[in-house]
Each structure stands twice: as C-alpha cells, then as structure tokens.
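Asks: This one is run_6.txt, compact mmCIF, C-alpha atoms and all ligand atoms.
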```txt
# COMPACT_ATOMS: atom_id res chain seq x y z
CA MET Q 3 -49.73 -43.30 79.41
CA LEU Q 4 -48.56 -42.00 76.06
CA ALA Q 5 -51.02 -41.45 73.29
CA ALA Q 6 -50.05 -43.16 70.06
CA PHE Q 7 -48.99 -40.41 67.73
CA SER Q 8 -47.91 -41.14 64.20
CA TYR Q 9 -47.90 -39.67 60.81
CA VAL Q 10 -49.96 -42.37 59.16
CA GLY Q 11 -51.83 -39.94 56.96
CA PHE Q 12 -48.67 -38.24 55.89
CA GLN Q 13 -46.95 -41.53 55.15
CA ARG Q 14 -49.83 -42.74 53.03
CA GLU Q 15 -49.45 -39.60 51.01
CA ASN Q 16 -45.76 -39.98 50.56
CA CYS Q 17 -44.14 -43.31 51.31
CA THR Q 18 -40.50 -42.35 50.75
CA VAL Q 19 -40.69 -39.34 53.01
CA GLY Q 20 -42.34 -41.51 55.67
CA GLU Q 21 -39.51 -44.03 55.53
CA ASP Q 22 -36.89 -41.32 55.68
CA VAL Q 23 -38.61 -39.81 58.69
CA GLU Q 24 -38.60 -43.18 60.45
CA LYS Q 25 -34.89 -43.57 59.73
CA LEU Q 26 -34.24 -40.06 60.96
CA LYS Q 27 -36.04 -40.78 64.22
CA GLN Q 28 -34.00 -43.95 64.70
CA ARG Q 29 -30.78 -42.11 64.00
CA LEU Q 30 -31.60 -39.35 66.47
CA PRO Q 31 -33.62 -40.77 69.38
CA LEU Q 32 -36.00 -38.34 71.08
CA LEU Q 33 -34.35 -38.73 74.48
CA ASP Q 34 -30.89 -38.06 73.02
CA TYR Q 35 -32.20 -34.95 71.29
CA LEU Q 36 -33.84 -33.64 74.47
CA GLN Q 37 -30.69 -34.25 76.48
CA GLN Q 38 -28.68 -32.36 73.88
CA GLN Q 39 -31.08 -29.49 74.56
CA SER Q 40 -30.11 -29.77 78.25
CA TRP Q 41 -33.38 -31.42 79.31
CA THR Q 42 -32.80 -33.14 82.63
CA ALA Q 43 -35.02 -35.98 83.71
CA ARG Q 44 -35.22 -38.92 86.05
CA PRO Q 45 -36.28 -42.44 85.12
CA ILE Q 46 -39.62 -43.71 86.41
CA ALA Q 47 -39.91 -47.01 88.24
CA PHE Q 48 -41.48 -49.24 85.62
CA GLY Q 49 -40.46 -49.31 82.00
CA PRO Q 50 -38.26 -47.02 79.96
CA GLU Q 51 -39.98 -43.76 80.93
CA PHE Q 52 -38.42 -40.51 82.03
CA VAL Q 53 -39.99 -37.44 83.58
CA GLY Q 54 -38.80 -33.85 83.84
CA LEU Q 55 -39.90 -30.25 83.54
CA CYS Q 56 -41.76 -29.48 80.33
CA PRO Q 57 -39.60 -27.61 77.79
CA LEU Q 58 -42.78 -26.40 76.07
CA HIS Q 59 -44.50 -24.57 78.91
CA PRO Q 60 -43.36 -22.99 82.19
CA GLU Q 61 -43.84 -25.22 85.21
CA THR Q 62 -42.28 -26.00 88.56
CA ARG Q 63 -43.39 -29.63 88.95
CA PRO Q 64 -42.31 -32.15 86.30
CA SER Q 65 -45.13 -33.33 84.06
CA PHE Q 66 -43.27 -34.00 80.82
CA TYR Q 67 -42.91 -37.73 80.14
CA VAL Q 68 -40.71 -39.43 77.58
CA ASN Q 69 -40.88 -43.08 76.64
CA ALA Q 70 -37.42 -43.91 75.31
CA CYS Q 71 -38.54 -47.19 73.73
CA LYS Q 72 -41.53 -45.77 71.92
CA ASN Q 73 -39.62 -42.56 71.17
CA LEU Q 74 -42.63 -40.45 72.25
CA PHE Q 75 -43.33 -37.67 74.71
CA TYR Q 76 -46.41 -36.44 76.51
CA CYS Q 77 -46.93 -33.48 78.83
CA HIS Q 78 -49.74 -33.66 81.38
CA GLY Q 79 -49.41 -29.93 81.97
CA CYS Q 80 -49.96 -28.54 78.49
CA GLY Q 81 -51.40 -31.68 76.88
CA GLN Q 82 -48.85 -31.72 74.06
CA GLY Q 83 -47.43 -35.01 72.90
CA GLY Q 84 -45.92 -36.85 69.97
CA ASP Q 85 -42.61 -37.80 68.47
CA LEU Q 86 -39.32 -36.04 67.82
CA ILE Q 87 -40.63 -34.19 64.77
CA ARG Q 88 -43.66 -32.98 66.70
CA PHE Q 89 -41.41 -31.77 69.50
CA VAL Q 90 -39.25 -29.78 67.09
CA GLN Q 91 -42.38 -28.31 65.46
CA LEU Q 92 -43.66 -27.14 68.84
CA SER Q 93 -40.40 -26.01 70.38
CA ARG Q 94 -38.99 -24.26 67.30
CA HIS Q 95 -42.30 -23.16 65.76
CA LEU Q 96 -41.54 -24.91 62.48
CA SER Q 97 -43.74 -26.75 60.02
CA PHE Q 98 -43.49 -30.51 59.70
CA ARG Q 99 -41.28 -30.28 56.63
CA GLN Q 100 -39.09 -27.58 58.13
CA SER Q 101 -38.64 -29.69 61.27
CA VAL Q 102 -37.56 -32.71 59.23
CA ALA Q 103 -35.10 -30.56 57.29
CA TYR Q 104 -33.74 -29.06 60.52
CA LEU Q 105 -33.24 -32.51 62.06
CA GLU Q 106 -31.73 -33.95 58.87
CA GLN Q 107 -29.14 -31.20 58.96
CA ARG Q 108 -28.41 -31.80 62.64
CA SER Q 109 -28.03 -35.54 62.29
CA THR Q 110 -26.15 -35.71 59.01
CA VAL Q 111 -22.45 -35.51 59.60
CA PRO Q 112 -20.78 -33.49 56.84
CA THR Q 113 -18.12 -35.37 54.92
CA ASP Q 114 -15.17 -33.62 56.49
CA SER Q 115 -16.57 -33.70 60.02
CA VAL Q 116 -14.34 -36.66 60.86
CA ALA Q 117 -11.27 -34.59 60.12
CA VAL Q 118 -12.56 -31.64 62.14
CA LEU Q 119 -13.39 -33.75 65.18
CA GLU Q 120 -9.95 -35.35 64.93
CA GLN Q 121 -8.32 -31.89 64.86
CA ALA Q 122 -10.45 -30.72 67.78
CA ALA Q 123 -9.50 -33.80 69.80
CA ILE Q 124 -5.79 -33.26 69.11
CA PHE Q 125 -6.11 -29.62 70.15
CA TYR Q 126 -7.90 -30.52 73.39
CA GLN Q 127 -5.29 -33.18 74.14
CA GLN Q 128 -2.55 -30.58 73.82
CA GLN Q 129 -4.37 -28.25 76.20
CA LEU Q 130 -4.58 -30.77 79.01
CA GLU Q 131 -1.00 -30.43 80.19
CA ARG Q 132 -1.07 -26.65 79.85
CA HIS Q 133 -3.91 -26.17 82.31
CA PRO Q 134 -3.23 -26.95 85.97
CA GLU Q 135 -6.95 -26.67 86.82
CA ALA Q 136 -7.66 -29.59 84.50
CA LEU Q 137 -4.88 -31.74 85.93
CA ARG Q 138 -6.06 -30.92 89.44
CA TYR Q 139 -9.55 -32.06 88.51
CA LEU Q 140 -8.26 -35.35 87.09
CA GLN Q 141 -6.34 -35.90 90.28
CA GLN Q 142 -9.48 -35.29 92.34
CA ARG Q 143 -11.28 -37.91 90.27
CA GLY Q 144 -8.56 -40.43 91.02
CA LEU Q 145 -6.71 -40.33 87.72
CA ARG Q 146 -3.00 -40.83 87.98
CA ASP Q 147 -1.99 -43.12 85.11
CA PRO Q 148 -0.73 -41.03 82.16
CA ALA Q 149 -0.88 -44.12 79.93
CA VAL Q 150 -4.66 -44.43 80.39
CA ILE Q 151 -5.15 -40.68 79.83
CA LYS Q 152 -3.18 -40.99 76.62
CA GLU Q 153 -4.84 -44.16 75.45
CA LEU Q 154 -8.32 -42.68 75.88
CA ARG Q 155 -7.10 -39.47 74.23
CA MET Q 156 -8.48 -37.37 77.06
CA GLY Q 157 -8.15 -33.63 76.66
CA TYR Q 158 -9.22 -30.31 78.07
CA ALA Q 159 -11.30 -27.51 76.59
CA PRO Q 160 -10.33 -24.27 78.29
CA GLY Q 161 -12.87 -22.40 76.12
CA GLY Q 162 -12.25 -19.42 73.89
CA SER Q 163 -9.43 -20.91 71.80
CA LEU Q 164 -10.70 -23.75 69.59
CA ARG Q 165 -12.46 -21.49 67.11
CA ARG Q 166 -9.31 -19.58 66.25
CA HIS Q 167 -7.24 -22.75 66.09
CA LEU Q 168 -9.57 -24.47 63.62
CA THR Q 169 -10.50 -21.49 61.45
CA VAL Q 170 -6.79 -20.81 60.95
CA GLN Q 171 -6.54 -24.35 59.60
CA GLY Q 172 -9.19 -23.46 57.04
CA TYR Q 173 -12.30 -25.02 58.56
CA SER Q 174 -15.31 -22.87 57.94
CA PHE Q 175 -17.13 -21.15 60.75
CA ASP Q 176 -20.33 -22.63 59.38
CA LEU Q 177 -19.04 -26.20 59.58
CA LEU Q 178 -17.78 -25.74 63.15
CA GLN Q 179 -21.15 -24.37 64.14
CA ARG Q 180 -23.02 -27.17 62.42
CA LEU Q 181 -20.93 -29.75 64.26
CA GLY Q 182 -21.73 -28.00 67.52
CA LEU Q 183 -18.11 -27.14 68.32
CA LEU Q 184 -19.21 -23.50 68.31
CA ASN Q 185 -22.43 -22.35 69.92
CA PRO Q 186 -25.01 -20.16 68.14
CA GLN Q 187 -23.14 -17.08 69.37
CA GLY Q 188 -20.00 -18.35 67.64
CA CYS Q 189 -18.03 -19.12 70.81
CA ASP Q 190 -16.41 -22.43 71.74
CA ALA Q 191 -19.21 -24.74 72.92
CA PHE Q 192 -16.95 -26.62 75.34
CA TYR Q 193 -15.76 -24.39 78.15
CA ARG Q 194 -13.69 -25.65 81.09
CA ARG Q 195 -14.45 -29.27 80.31
CA VAL Q 196 -12.47 -32.49 80.32
CA ILE Q 197 -12.97 -34.02 76.87
CA PHE Q 198 -13.30 -37.67 75.93
CA PRO Q 199 -13.47 -38.52 72.21
CA CYS Q 200 -16.12 -41.19 71.49
CA CYS Q 201 -14.84 -43.43 68.71
CA GLN Q 202 -16.39 -45.94 66.42
CA GLY Q 203 -14.50 -47.96 63.86
CA GLY Q 204 -11.42 -45.90 64.70
CA ARG Q 205 -13.16 -42.63 63.90
CA ILE Q 206 -14.32 -40.00 66.34
CA VAL Q 207 -18.12 -39.73 66.17
CA ASN Q 208 -18.72 -37.39 69.10
CA LEU Q 209 -16.99 -35.57 71.91
CA TYR Q 210 -18.08 -35.86 75.52
CA GLY Q 211 -17.29 -32.88 77.73
CA ARG Q 212 -17.35 -33.15 81.51
CA SER Q 213 -17.44 -29.80 83.30
CA ILE Q 214 -14.77 -29.33 85.94
CA ALA Q 215 -17.17 -26.93 87.67
CA ALA Q 216 -20.42 -28.02 89.27
CA ALA Q 217 -22.99 -26.70 86.78
CA PHE Q 218 -24.11 -28.57 83.62
CA ALA Q 219 -21.84 -31.52 84.23
CA HIS Q 220 -22.46 -33.43 80.98
CA GLN Q 221 -22.38 -32.32 77.39
CA PHE Q 222 -22.17 -33.94 73.98
CA LEU Q 223 -21.98 -32.52 70.51
CA PRO Q 224 -25.26 -32.80 68.56
CA GLY Q 225 -25.88 -36.22 67.04
CA SER Q 226 -25.67 -39.70 68.43
CA LYS Q 227 -23.35 -40.53 71.31
CA GLY Q 228 -22.40 -43.61 69.27
CA GLY Q 229 -22.01 -47.13 70.61
CA LEU Q 230 -20.48 -48.32 73.87
CA PHE Q 231 -17.32 -46.50 74.85
CA ALA Q 232 -14.05 -48.19 73.81
CA TRP Q 233 -16.12 -51.16 72.65
CA GLU Q 234 -13.53 -52.21 70.07
CA SER Q 235 -11.05 -53.07 72.80
CA VAL Q 236 -13.63 -54.59 75.18
CA ARG Q 237 -15.79 -56.74 72.88
CA GLN Q 238 -13.24 -59.58 72.82
CA PHE Q 239 -13.81 -60.33 76.54
CA PRO Q 240 -16.30 -63.06 77.53
CA THR Q 241 -17.01 -61.05 80.68
CA VAL Q 242 -17.74 -57.34 80.52
CA ILE Q 243 -18.23 -54.71 83.22
CA LEU Q 244 -20.73 -52.01 82.22
CA VAL Q 245 -20.60 -48.62 83.98
CA GLU Q 246 -22.59 -45.45 83.37
CA GLY Q 247 -19.86 -42.81 83.60
CA LEU Q 248 -16.51 -42.30 81.93
CA PHE Q 249 -14.76 -41.49 85.19
CA ASP Q 250 -15.97 -44.87 86.44
CA LEU Q 251 -14.44 -46.53 83.41
CA VAL Q 252 -11.14 -44.72 83.81
CA VAL Q 253 -10.52 -45.76 87.43
CA LEU Q 254 -11.45 -49.35 86.60
CA TRP Q 255 -9.09 -49.46 83.62
CA GLN Q 256 -6.43 -48.01 85.89
CA ALA Q 257 -7.05 -50.76 88.44
CA GLY Q 258 -6.58 -53.41 85.75
CA PHE Q 259 -10.25 -54.07 84.87
CA ARG Q 260 -9.72 -53.54 81.17
CA HIS Q 261 -12.91 -55.38 80.27
CA THR Q 262 -14.93 -52.31 81.35
CA THR Q 263 -17.12 -50.38 78.92
CA CYS Q 264 -19.41 -47.40 79.45
CA SER Q 265 -22.89 -46.53 78.21
CA LEU Q 266 -22.62 -42.78 79.01
CA GLY Q 267 -25.78 -42.72 81.12
CA THR Q 268 -28.11 -45.44 82.36
CA HIS Q 269 -30.21 -45.43 79.19
CA LEU Q 270 -28.66 -47.55 76.44
CA ASN Q 271 -29.42 -46.62 72.86
CA ALA Q 272 -30.40 -49.41 70.45
CA GLU Q 273 -26.88 -49.73 69.11
CA GLN Q 274 -25.31 -50.12 72.56
CA PHE Q 275 -27.89 -52.74 73.51
CA GLN Q 276 -27.18 -54.68 70.32
CA GLN Q 277 -23.45 -54.59 71.00
CA LEU Q 278 -23.92 -56.23 74.41
CA CYS Q 279 -26.13 -58.91 72.87
CA GLY Q 280 -23.74 -59.57 69.95
CA CYS Q 281 -22.36 -62.81 71.37
CA PRO Q 282 -22.83 -64.91 74.51
CA ARG Q 283 -21.17 -63.22 77.46
CA THR Q 284 -21.60 -62.31 81.10
CA ILE Q 285 -22.23 -58.67 81.93
CA TYR Q 286 -21.60 -57.09 85.31
CA LEU Q 287 -23.94 -54.10 85.55
CA THR Q 288 -22.23 -51.58 87.77
CA PHE Q 289 -24.46 -48.52 87.88
CA ASP Q 290 -24.34 -45.92 90.65
CA GLY Q 291 -25.60 -46.85 94.08
CA ASP Q 292 -27.28 -43.43 94.34
CA ALA Q 293 -29.52 -42.54 97.24
CA ASN Q 294 -32.77 -42.36 95.23
CA GLY Q 295 -32.13 -45.83 93.79
CA SER Q 296 -32.50 -44.75 90.16
CA GLY Q 297 -29.19 -46.37 89.15
CA GLN Q 298 -30.22 -49.69 90.65
CA GLN Q 299 -33.65 -49.47 89.09
CA ALA Q 300 -32.14 -48.85 85.66
CA SER Q 301 -29.75 -51.73 86.18
CA GLN Q 302 -32.58 -54.10 87.15
CA GLN Q 303 -34.55 -53.19 84.05
CA LEU Q 304 -31.54 -53.55 81.80
CA ALA Q 305 -30.70 -56.93 83.36
CA GLN Q 306 -34.21 -58.14 82.49
CA ARG Q 307 -33.94 -56.98 78.89
CA LEU Q 308 -30.50 -58.56 78.49
CA ARG Q 309 -31.61 -61.85 80.03
CA ALA Q 310 -34.47 -61.97 77.55
CA GLN Q 311 -31.75 -61.97 74.86
CA GLY Q 312 -29.92 -64.87 76.50
CA ILE Q 313 -27.19 -62.77 78.11
CA ILE Q 314 -26.03 -63.65 81.62
CA THR Q 315 -26.15 -60.64 83.92
CA ARG Q 316 -24.87 -59.85 87.40
CA ARG Q 317 -25.74 -56.70 89.30
CA VAL Q 318 -22.84 -55.27 91.26
CA ILE Q 319 -24.00 -53.57 94.45
CA LEU Q 320 -21.72 -50.73 95.49
CA PRO Q 321 -21.69 -49.35 99.03
CA ASP Q 322 -24.53 -46.82 99.56
CA GLY Q 323 -24.13 -43.56 97.68
CA HIS Q 324 -21.07 -44.73 95.75
CA ASP Q 325 -20.30 -45.01 92.08
CA PRO Q 326 -17.24 -46.96 90.91
CA ASN Q 327 -15.28 -43.72 90.70
CA SER Q 328 -15.94 -42.58 94.26
CA PHE Q 329 -15.35 -46.15 95.44
CA PHE Q 330 -11.76 -45.99 94.18
CA VAL Q 331 -11.21 -42.30 94.97
CA GLN Q 332 -12.15 -42.93 98.58
CA GLY Q 333 -9.64 -45.70 99.03
CA GLY Q 334 -11.19 -48.79 97.47
CA ASP Q 335 -8.71 -51.03 95.66
CA ALA Q 336 -8.75 -53.69 92.97
CA ARG Q 337 -8.99 -56.53 95.49
CA GLN Q 338 -12.04 -54.98 97.18
CA PHE Q 339 -13.71 -54.31 93.86
CA HIS Q 340 -13.05 -57.89 92.86
CA SER Q 341 -14.93 -59.00 95.99
CA LEU Q 342 -17.88 -56.84 94.88
CA LEU Q 343 -17.84 -58.61 91.50
CA GLU Q 344 -17.81 -61.98 93.24
CA ALA Q 345 -20.73 -60.95 95.44
CA ALA Q 346 -22.71 -59.58 92.49
CA GLN Q 347 -26.38 -60.58 92.37
CA THR Q 348 -27.92 -62.63 89.61
ZN ZN W 1 -46.03 -28.99 78.88
```
Could I get this structure in the form of structure tokens?
Ligand SMILES: [Zn+2]
Replies:
Amino acid sequence: MLAAFSYVGFQRENCTVGEDVEKLKQRLPLLDYLQQQSWTARPIAFGPEFVGLCPLHPETRPSFYVNACKNLFYCHGCGQGGDLIRFVQLSRHLSFRQSVAYLEQRSTVPTDSVAVLEQAAIFYQQQLERHPEALRYLQQRGLRDPAVIKELRMGYAPGGSLRRHLTVQGYSFDLLQRLGLLNPQGCDAFYRRVIFPCCQGGRIVNLYGRSIAAAFAHQFLPGSKGGLFAWESVRQFPTVILVEGLFDLVVLWQAGFRHTTCSLGTHLNAEQFQQLCGCPRTIYLTFDGDANGSGQQASQQLAQRLRAQGIITRRVILPDGHDPNSFFVQGGDARQFHSLLEAAQT
C-alpha cells in the first residue's frame, strides 16, 4: 500500500549525511513522532499499519496510513507520502536539511536534561499529596498502596508551577522548552496530569502524563518513550506479564504480580521488542479486551512476531470491554486474575 520512498539520490551524494539520517529515523520512529504531535490512529487488521485523519490536509474520514515497521506514511486523500523527514518537510514547510536539523534538535537530549527531568519528577512527586483531585483520581483507578506509588515515583502536574520552580533553580527557559516541559507559549506542558517517570539504566528518559480529565488522555515529552516500563526490575523473571497501560501495571503490582511490565501502547518500539526477546521466557500478553477488538488484534500480531523469535507467548483474554485496570477496579482480585493467566491461550 505504501510507496517506497527513500533518499537514495541524496545518500549517493553524501554518504555520511545519509547514515546520520537513517540513525535519526531509528532514534525517532515516525509513529512516535506523529503521536507526540497528538495524531490519533487505530491499527489496521493485518500488519503493523495504522490509519487516522491526515495531518496534512483537512478531512473527515481517515485516509492517512502509517506503516510502523517500514517507518513510512501515505495519504490517499492528498497523495502525499514518505518518511519522517518528508513529513516534517510537508507539515512544517521546511527544506530537507532544515527538517533534519529540526529533528536532530528534538531527538538529541542536552547534557543536563537528565538533571532537569530528575528535578521535574521530584517536583511532581511533591505535588501529589498537595492536590486532593489527584489523589481522588488515583483512588478511582484503584490505587491504594502508597509503597507502589512511591516506588514508581508517581507524581502530579497541577500546571502553572513547574516553570517557576525550575527557572528559580537556574535552568534556562530555552532548555525547559527544548525538553518539552514548557509548551511553545512558555507554559507548563503538563497540566492536571498524573506523572510517571520512564527510566532507563536508573535515569529518567521521559515523563508520561495521564490526564485526570477526559480530553487528551496520554502525553509524553518529545523523544523516545524508552524501553519497557520498569524493565530493570522485571527482566529477571522467567515469566513476564505485558500490559499496554501504566494503570494496568500499577494494579497488577499492587495485587502481587510484580513480573508485570508495560509497553505504553499496543505498538512496541524496536527496543521494547528486543528486550522481550533478550532471553528465553514466557510472555503473557494482556492487552485491553476493547469492544472493537483492536487490543486483541495487536496482541495476536505481537504473539506471532515473538514466537518467530522463539519466545513462548500466552494471550490473556479479559472479560469483554475490560482492561486489567478496570478488572481490578470493578472487584476482580488476584485469585481471579490468576485463573485468567491459567486459562490464557497459546
Ligand atoms: Zn492527506
């Protein structure tokens, strides 16, 4: 379905630039970039394709397709297609070189970004207890174990206060904006969101913000979402439960299923996939049992890909319309969930 776009001519002209561009595209997958731009899409039945409204032309019926494996897009409405660089050229009206420079800047974490993200996470953690609306939301989502909240370093972004807190500490406005903690208008990017720091090698690489209101539920800072959530503490287990949402992970940890990790969505990036395949293990895929079946479809496809790598997979079927979080919130307990694991399909 997707035309094969590449920059063969360009690469012939300039090999080093071509290699750098390939690395850049690996570092910042097209689908991740689009989702950071708030593009919403649904997966299509066969293969790693997604469809949604075209960000490049006005339309009411989705005709914009993304192939997450090939890292390419194509729109049947306006006929535009290509890779990440092409998308940035079209959407931001930049030249090829300008687009590469823009993406390089977005995907390169400045040297002191680790410290800033750490400070932001500490600040958000402190806010959690000061905001009853956040605690109420956690309660609604079935969270009651303060030890798990602390261990995952969960926090709350009330909005309108991080900028002052960090600039007082000497972090430049420019740096905060580049990291995405401030939006282009200079205001806190996270507003009324529960925050989960995503860590890798003990360092925070991104922040995930879950809105406590209905609109725009998910948000990350620019850049990669990193590997599997809390992988460092889960990788030791010969059996792993994989869920798609952090609130699924939290209730499972709370119920004693500490061998649960989370892919933050049903599409695994290359790094997450590699982590699962790192050593022989059994993986219980526990994606949402949503009404349109997209969670189950994604889980079937992932099971196939994992099996091809020699990994044993089981698909956990939740009651209709449930995700692991709602299963526990609506009265399910550890024993019942254990029965679901035992009944999981090969
Ligand atoms: Zn279009």
Asks: Could the centre and edge lengths of an axis-aligned box, enclosing all atoms of stretch 74-84 of chain Q in the file with 3 Å extra on each side, be given in Å to one decimal as AutoDock Vina command-line options?
Replies:
```
--center_x -47.0 --center_y -34.5 --center_z 76.0 --size_x 14.8 --size_y 17.9 --size_z 18.0
```
Asks: Tell me, as a PDB file with C-alpha atoms, in the frame of the given file, which residues lie within 12 Å of Q:Leu130, counting only C-alpha atoms; anything in the same chain fewer than 4 positions away does not count.
Replies:
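Listing of around29.pdb after writing:
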```
ATOM      1  CA  ALA Q 123      -9.500 -33.800  69.800  1.00  0.00           C
ATOM      2  CA  ILE Q 124      -5.790 -33.260  69.110  1.00  0.00           C
ATOM      3  CA  PHE Q 125      -6.110 -29.620  70.150  1.00  0.00           C
ATOM      4  CA  TYR Q 126      -7.900 -30.520  73.390  1.00  0.00           C
ATOM      5  CA  PRO Q 134      -3.230 -26.950  85.970  1.00  0.00           C
ATOM      6  CA  GLU Q 135      -6.950 -26.670  86.820  1.00  0.00           C
ATOM      7  CA  ALA Q 136      -7.660 -29.590  84.500  1.00  0.00           C
ATOM      8  CA  LEU Q 137      -4.880 -31.740  85.930  1.00  0.00           C
ATOM      9  CA  ARG Q 138      -6.060 -30.920  89.440  1.00  0.00           C
ATOM     10  CA  TYR Q 139      -9.550 -32.060  88.510  1.00  0.00           C
ATOM     11  CA  LEU Q 140      -8.260 -35.350  87.090  1.00  0.00           C
ATOM     12  CA  PRO Q 148      -0.730 -41.030  82.160  1.00  0.00           C
ATOM     13  CA  ILE Q 151      -5.150 -40.680  79.830  1.00  0.00           C
ATOM     14  CA  LYS Q 152      -3.180 -40.990  76.620  1.00  0.00           C
ATOM     15  CA  ARG Q 155      -7.100 -39.470  74.230  1.00  0.00           C
ATOM     16  CA  MET Q 156      -8.480 -37.370  77.060  1.00  0.00           C
ATOM     17  CA  GLY Q 157      -8.150 -33.630  76.660  1.00  0.00           C
ATOM     18  CA  TYR Q 158      -9.220 -30.310  78.070  1.00  0.00           C
ATOM     19  CA  ALA Q 159     -11.300 -27.510  76.590  1.00  0.00           C
ATOM     20  CA  PRO Q 160     -10.330 -24.270  78.290  1.00  0.00           C
ATOM     21  CA  ARG Q 194     -13.690 -25.650  81.090  1.00  0.00           C
ATOM     22  CA  ARG Q 195     -14.450 -29.270  80.310  1.00  0.00           C
ATOM     23  CA  VAL Q 196     -12.470 -32.490  80.320  1.00  0.00           C
ATOM     24  CA  ILE Q 197     -12.970 -34.020  76.870  1.00  0.00           C
ATOM     25  CA  PHE Q 198     -13.300 -37.670  75.930  1.00  0.00           C
TER      26      PHE Q 198
END
```
Asks: To one decimal place in Å, what is the distance between atom CA of Q:Gly334 and atom CA of Q:Val252?
Replies: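 Rounded to one decimal, the two atoms are 14.3 Å apart.
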Asks: To check your reading of the model: which residues sit at most 12 Å from ligand ZN 1 (chain W) when counting all atoms listed in the file? Write the answer as a ChimeraX atom specification.
Replies: /Q:53-68,75-84,89,92-93
Asks: Could you list, as a PyMOL selection string, every residue within 10 Å of Q:Leu183, counting only C-alpha atoms and ignoring same-chain residues fewer than 2 positions away?
Replies: chain Q and resi 118-119+122+164-165+175+177-181+185-186+188-192+209+222-224
Asks: Between Q:Lys27, Q:His220, Q:Arg205, Q:Arg260, which one has atoms that come closest to Q:Ala117, using all atoms listed in the file?
Replies: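 Selected residue with least distance to Q:Ala117: Q:Arg205.
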Asks: Please indicate the distance in Å from atom CA of Q:Gln202 to atom CA of Q:Trp255, rounded to one decimal place.
Replies: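 We find that atom CA of Q:Gln202 and atom CA of Q:Trp255 lie 19.0 Å from each other.
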Asks: Residues at most 8 Å from stretch 316-319 of chain Q, counting only C-alpha atoms, excluding those fewer than 5 positions away in the same chain, as JSON, numbers by chain?
Replies: {"Q": [284, 285, 286, 287, 288, 289, 291, 301, 302, 305, 342, 343, 345, 346, 347, 348]}
Asks: Using C-alpha atoms, can you export the residues from the last selection as an mmCIF file, in the frame of the given file?
Replies:
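Written file, selection-v3.cif:
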```cif
data_model
loop_
_atom_site.group_PDB
_atom_site.id
_atom_site.type_symbol
_atom_site.label_atom_id
_atom_site.label_comp_id
_atom_site.auth_asym_id
_atom_site.auth_seq_id
_atom_site.Cartn_x
_atom_site.Cartn_y
_atom_site.Cartn_z
ATOM 1 C CA THR Q 284 -21.600 -62.310 81.100
ATOM 2 C CA ILE Q 285 -22.230 -58.670 81.930
ATOM 3 C CA TYR Q 286 -21.600 -57.090 85.310
ATOM 4 C CA LEU Q 287 -23.940 -54.100 85.550
ATOM 5 C CA THR Q 288 -22.230 -51.580 87.770
ATOM 6 C CA PHE Q 289 -24.460 -48.520 87.880
ATOM 7 C CA GLY Q 291 -25.600 -46.850 94.080
ATOM 8 C CA SER Q 301 -29.750 -51.730 86.180
ATOM 9 C CA GLN Q 302 -32.580 -54.100 87.150
ATOM 10 C CA ALA Q 305 -30.700 -56.930 83.360
ATOM 11 C CA LEU Q 342 -17.880 -56.840 94.880
ATOM 12 C CA LEU Q 343 -17.840 -58.610 91.500
ATOM 13 C CA ALA Q 345 -20.730 -60.950 95.440
ATOM 14 C CA ALA Q 346 -22.710 -59.580 92.490
ATOM 15 C CA GLN Q 347 -26.380 -60.580 92.370
ATOM 16 C CA THR Q 348 -27.920 -62.630 89.610
#
```
